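A.B. asks: One structure follows; several queries about it will come next.
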Amino acid sequence: MVWVIVLDVLTLSMNLLLLPQAQAVAMLAPGALIPLAALTIHLIWRERRPAWLLGGALGAGMFLILLAVCWMGAAAGGPWQERYLYVMVFVGIAGITTFSVPMSIILGIATSCLALYLMFLLRNPLIGLSEAIAAFFFFACGVVAVVFARQTMSVLAKKAFLLELRDGARLTALTEANKQLDHLAKVDPLTGVANRRWMTELLNSLAGHPDKLRGNTSLLMCDIDCFKALNDQLGHAQGDRCLVKVAAMIERSVRSRTNHVARYGGEEFLVILPDTTAEQAFLIAEQIRENIAGAALPNPGSNVAPIVTISIGVATRKGNEGWTADRLQVEADIALYRAKREGRNRTVLFGAPEPARKVIAEGAA
Ligand code: GH3
Ligand code: MG
Ligand code: MG
């Protein structure tokens, strides 16, 4: 609309310069109508407003602009009458293709454009009736074709927009599904702690980058004592509840950004402690063991105590020692086996001297 105003002012100025004075002045009054209508449309369309107001303003404003252009031609007279009708049709087509308004408004603009064209053509004494009718049908075909083209374009644009929305929704659903799959692949469904697969991946990645490890990596292998007896005495449902509570207690005991708890299988849990010495790992293991015993969950069939207890095997490797995940697990498992053998409800550090051997050695001496 700003361009309409600029072009109108330029045309009127050129007319004043180039056309005879009387002709140019006669065109001023209708020409002044155009900036008013265009400015009103511009001001109304500048902000978000109800669709009916935008459509109504455009329909009425366009009608005034088209009428003013016809009137300018009529005021100039002679061949200008017909020339300005071409300009009017051009302005009408520009309005039809430019604005995003309902079809009813577009049809209104097209109809006013053709009606004004016919009306002013019939009033032109230089054009005969048959010539006027022929010219009208020619321009009518053009305007109708533009209206159809615009309708097709807006349908295609709507389809493209809807397809884009659908693709966006599908992408969001797919991302969500992938997240859930990733979660399912890494988390133990019963206890909510990480699963064995995730733990193996983490241990392998730690073992594969010894250069990145600053110090020792420790592994705790925790196993609930006499868990089969708990299942037998209290039922599997109670056994499951016990597993959930024990997992939560282990997690609470080692809660830190770098320490990780995973369910290894059955009633066994692993704790990975990066950058933790054997002594620190032993203390953490003892803390876990004491917390679980302190909770006094019932296990009436246990031959250790009538409560749930755990045994823990601890293994530690230095960062630059060239250890493997399998090796560390085997060592933690050996230590756990010793804890079981020595009476359960205890922590054993892999490689620590065995008390039984000590006794034998002392006896032999
Ligand atoms: P130990 O002190 O030597 O570790 O004896 P234990 O009874 O704890 O060990 P054992 O390997 O003999 O038994 C483990 C039991 O854990 C057997 C199995 O039924 C039970 N179990 C394994 N997974 C689950 C589970 O998801 N839920 C329940 N309720 N029980 C499970
Ligand atoms: Mg076990
Ligand atoms: Mg057990």
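Chain lettering (A, B, ...) mirrors the order of the structure tokens, residue numbering begins at 1 for each chain separately, and ligand numbering begins at 1 in order of display.
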Using only C-alpha atoms, which residues sit within 12 Å of Pro125 in chain A once same-chain residues fewer than 6 positions away are excluded, as a list in words?
C.D. replies: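 Counting only the stated atoms, we get Ala74, Gly77, Gly78, Pro79, Gln81, Glu82, Glu131 and Ala132 of chain A.
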A.B. asks: Keeping only C-alpha atoms, write the selected residues to a file as a short mmCIF file (atom, residue, chain, number, x, y, z; two decimals), in the first residue's frame.
C.D. replies:
```cif
data_model
loop_
_atom_site.label_atom_id
_atom_site.label_comp_id
_atom_site.auth_asym_id
_atom_site.auth_seq_id
_atom_site.Cartn_x
_atom_site.Cartn_y
_atom_site.Cartn_z
CA ALA A 74 -12.54 9.63 -17.00
CA GLY A 77 -10.74 12.03 -21.02
CA GLY A 78 -9.69 10.94 -24.51
CA PRO A 79 -7.45 7.85 -24.82
CA GLN A 81 -9.96 6.80 -20.22
CA GLU A 82 -9.10 3.40 -21.67
CA GLU A 131 -15.76 -3.53 -28.79
CA ALA A 132 -16.49 -2.87 -25.10
#
```
A.B. asks: Show me, as CSV, the residues of range 165-273 of chain A having an atom within 10 Å of range 326-346 of chain A, each with the closest atom pair and its distance in Å, using only C-alpha atoms.
C.D. replies:
```
residue,atom,partner,partner_atom,distance
A:Thr200,CA,A:Asp326,CA,8.8
A:Leu203,CA,A:Asp326,CA,8.7
A:Asn204,CA,A:Asp326,CA,8.4
A:Ala207,CA,A:Leu328,CA,9.3
A:Thr217,CA,A:Leu328,CA,9.1
A:Ser218,CA,A:Leu328,CA,8.2
A:Leu219,CA,A:Ala332,CA,6.6
A:Leu220,CA,A:Ala332,CA,6.4
A:Met221,CA,A:Ala332,CA,5.8
A:Cys222,CA,A:Leu336,CA,7.4
A:Asp223,CA,A:Leu336,CA,7.8
A:Ile224,CA,A:Asn345,CA,8.6
A:Asp225,CA,A:Arg344,CA,6.6
A:Cys226,CA,A:Arg344,CA,9.1
A:Leu270,CA,A:Gln329,CA,9.1
```
A.B. asks: Quick one: of A:Ala237, A:Leu19, A:Leu118, A:Leu64, who's nearest to ligand 1, counting only C-alpha atoms and all ligand atoms?
C.D. replies: A:Ala237
A.B. asks: Could you write out, as an NGL selection string, all the residues of range 84-317 of chain A that DSSP marks as helix (DSSP H, G or I)?
C.D. replies: :A and (84-98 or 103-122 or 129-186 or 196-208 or 210-212 or 227-234 or 236-253 or 278-295)
A.B. asks: Check the smallest atom-to-atom distance from each of A:Leu39, A:Val87, A:Pro102, A:Thr277 to Leu53 in chain A using only C-alpha atoms, then report the winner.
C.D. replies: A:Pro102
A.B. asks: Counting only C-alpha atoms and all ligand atoms, name the residues that have an atom within 9 Å of an atom of ligand 1; the answer should be given as a count of residues only.
C.D. replies: 35
A.B. asks: Ranking A:Val146, A:Ile41, A:Ala160, A:Ile312 by minimum distance to ligand 3 and counting only C-alpha atoms and all ligand atoms, which one comes first?
C.D. replies: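 The shortest atom-to-atom distance to ligand 3 comes from A:Ile312.
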A.B. asks: Within 10 Å of Met103 in chain A, counting only C-alpha atoms, which residues qualify if same-chain residues fewer than 4 places away don't, as a PDB file with N, CA and C atoms, in the first residue's frame?
C.D. replies:
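Dumped everything to result.pdb:
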```pdb
ATOM      1  N   GLY A  55     -10.425  -8.055   6.276  1.00  0.00           N
ATOM      2  CA  GLY A  55     -11.061  -8.344   4.980  1.00  0.00           C
ATOM      3  C   GLY A  55     -11.947  -7.181   4.534  1.00  0.00           C
ATOM      4  N   ILE A  96      -5.554  -8.808  -5.669  1.00  0.00           N
ATOM      5  CA  ILE A  96      -6.007 -10.208  -5.564  1.00  0.00           C
ATOM      6  C   ILE A  96      -4.845 -11.129  -5.192  1.00  0.00           C
ATOM      7  N   LEU A 107     -13.156 -12.476  -4.239  1.00  0.00           N
ATOM      8  CA  LEU A 107     -14.213 -12.426  -5.262  1.00  0.00           C
ATOM      9  C   LEU A 107     -14.817 -11.025  -5.327  1.00  0.00           C
ATOM     10  N   GLY A 108     -14.937 -10.383  -4.154  1.00  0.00           N
ATOM     11  CA  GLY A 108     -15.474  -9.012  -4.102  1.00  0.00           C
ATOM     12  C   GLY A 108     -14.583  -8.052  -4.887  1.00  0.00           C
ATOM     13  N   ILE A 109     -13.253  -8.177  -4.676  1.00  0.00           N
ATOM     14  CA  ILE A 109     -12.318  -7.286  -5.395  1.00  0.00           C
ATOM     15  C   ILE A 109     -12.404  -7.549  -6.904  1.00  0.00           C
ATOM     16  N   VAL A 147      -7.846 -15.300 -10.197  1.00  0.00           N
ATOM     17  CA  VAL A 147      -8.546 -15.715  -8.971  1.00  0.00           C
ATOM     18  C   VAL A 147      -8.362 -17.224  -8.747  1.00  0.00           C
ATOM     19  N   ARG A 150      -4.836 -17.965  -7.675  1.00  0.00           N
ATOM     20  CA  ARG A 150      -4.617 -17.585  -6.288  1.00  0.00           C
ATOM     21  C   ARG A 150      -5.215 -18.611  -5.331  1.00  0.00           C
ATOM     22  N   GLN A 151      -6.410 -19.107  -5.695  1.00  0.00           N
ATOM     23  CA  GLN A 151      -7.076 -20.118  -4.865  1.00  0.00           C
ATOM     24  C   GLN A 151      -6.222 -21.379  -4.794  1.00  0.00           C
ATOM     25  N   SER A 154      -3.236 -20.822  -2.591  1.00  0.00           N
ATOM     26  CA  SER A 154      -3.516 -20.805  -1.150  1.00  0.00           C
ATOM     27  C   SER A 154      -3.822 -22.213  -0.652  1.00  0.00           C
TER      28      SER A 154
END
```
A.B. asks: Using backbone DSSP assignments, extract all strand (DSSP E) residues from range 159-336 of chain A; output them as a PyMOL selection string.
C.D. replies: chain A and resi 216-224+260-265+268-274+310-318
A.B. asks: Would you list the contacts of Ile288 in chain A as a PyMOL selection string, taking every protein, DNA or RNA residue within 8 Å and counting only C-alpha atoms, but skipping same-chain residues closer than 2 positions in sequence?
C.D. replies: chain A and resi 249-250+253-254+284-286+290-292
A.B. asks: Calculate how many Å separate CA of Pro35 in chain A from CA of Val4 in chain A, rounding to one decimal.
C.D. replies: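 We find that CA of Pro35 in chain A and CA of Val4 in chain A lie 7.4 Å from each other.
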A.B. asks: Using only C-alpha atoms and all ligand atoms, which of A:Ala149, A:Tyr264, A:Pro300, A:Trp52 sits nearest ligand 2?
C.D. replies: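 Among the listed residues, the smallest separation from ligand 2 belongs to A:Tyr264.
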A.B. asks: Between CA of Pro274 in chain A and CA of Gly322 in chain A, what is the distance in Å, rounded to a tenth?
C.D. replies: 14.9 Å
A.B. asks: Hey, which of A:Leu66, A:Ile133, A:Ala305, A:Leu206 ends up closest to Leu273 in chain A? Count only C-alpha atoms.
C.D. replies: A:Leu206
A.B. asks: Name the residues in contact with Leu33 in chain A at a cut-off of 12 Å, using only C-alpha atoms, excluding same-chain residues fewer than 6 positions from it; report them as a short mmCIF file (atom, residue, chain, number, x, y, z; two decimals) with N, CA and C atoms, in the first residue's frame.
C.D. replies:
```cif
data_model
loop_
_atom_site.label_atom_id
_atom_site.label_comp_id
_atom_site.auth_asym_id
_atom_site.auth_seq_id
_atom_site.Cartn_x
_atom_site.Cartn_y
_atom_site.Cartn_z
N VAL A 4 1.65 1.92 -3.45
CA VAL A 4 0.50 2.49 -4.17
C VAL A 4 0.51 4.01 -3.98
N ILE A 5 0.75 4.43 -2.73
CA ILE A 5 0.76 5.87 -2.43
C ILE A 5 1.90 6.55 -3.21
N ASP A 8 1.13 6.73 -6.88
CA ASP A 8 0.07 7.69 -7.14
C ASP A 8 0.61 9.12 -7.12
N VAL A 9 1.42 9.42 -6.10
CA VAL A 9 1.98 10.77 -5.98
C VAL A 9 2.88 11.06 -7.19
N LEU A 12 0.67 11.67 -10.31
CA LEU A 12 0.03 12.98 -10.29
C LEU A 12 1.04 14.09 -10.58
N MET A 27 -7.48 15.52 -12.73
CA MET A 27 -7.15 14.18 -12.19
C MET A 27 -6.75 14.23 -10.71
N LEU A 39 -3.68 4.45 2.70
CA LEU A 39 -3.17 4.69 4.06
C LEU A 39 -4.07 4.01 5.10
N THR A 40 -5.39 4.09 4.87
CA THR A 40 -6.33 3.44 5.81
C THR A 40 -6.07 1.93 5.83
N GLY A 61 -11.44 -0.57 0.79
CA GLY A 61 -10.31 0.27 0.36
C GLY A 61 -9.97 0.02 -1.10
N MET A 62 -9.93 -1.27 -1.47
CA MET A 62 -9.59 -1.60 -2.86
C MET A 62 -10.64 -1.04 -3.81
N PHE A 63 -11.92 -1.13 -3.40
CA PHE A 63 -12.99 -0.61 -4.26
C PHE A 63 -12.77 0.88 -4.51
N LEU A 64 -12.44 1.60 -3.42
CA LEU A 64 -12.22 3.06 -3.55
C LEU A 64 -11.03 3.35 -4.47
N ILE A 65 -9.96 2.57 -4.31
CA ILE A 65 -8.75 2.79 -5.13
C ILE A 65 -9.07 2.54 -6.61
N LEU A 66 -9.76 1.40 -6.87
CA LEU A 66 -10.09 1.06 -8.27
C LEU A 66 -11.00 2.13 -8.88
N LEU A 67 -11.98 2.58 -8.06
CA LEU A 67 -12.91 3.61 -8.53
C LEU A 67 -12.14 4.90 -8.85
N ALA A 68 -11.19 5.23 -7.95
CA ALA A 68 -10.43 6.47 -8.14
C ALA A 68 -9.60 6.41 -9.42
N VAL A 69 -9.01 5.21 -9.69
CA VAL A 69 -8.18 5.08 -10.91
C VAL A 69 -9.06 5.27 -12.15
N CYS A 70 -10.27 4.64 -12.16
CA CYS A 70 -11.20 4.79 -13.29
C CYS A 70 -11.58 6.25 -13.46
N TRP A 71 -11.83 6.86 -12.33
CA TRP A 71 -12.28 8.26 -12.31
C TRP A 71 -11.19 9.18 -12.86
N MET A 72 -9.93 8.86 -12.48
CA MET A 72 -8.80 9.66 -13.00
C MET A 72 -8.78 9.62 -14.53
#
```
A.B. asks: Which residue is closest to Gly319 in chain A? Choose from A:Thr276, A:Val89, A:Phe148, A:Glu164 and count only C-alpha atoms.
C.D. replies: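 Residue with the minimum atom-to-atom distance to Gly319 in chain A: A:Thr276.
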A.B. asks: Write out as JSON, numbers by chain which residues come within 9 Å of Ala26 in chain A when counting only C-alpha atoms, dropping same-chain ones fewer than 4 positions away.
C.D. replies: {"A": [21, 22, 30, 72, 75, 76]}
A.B. asks: Quick one: pull the distance between CA of Gly56 in chain A and CA of Ile105 in chain A, Å, one decimal.
C.D. replies: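 These two atoms are separated by 7.5 Å.
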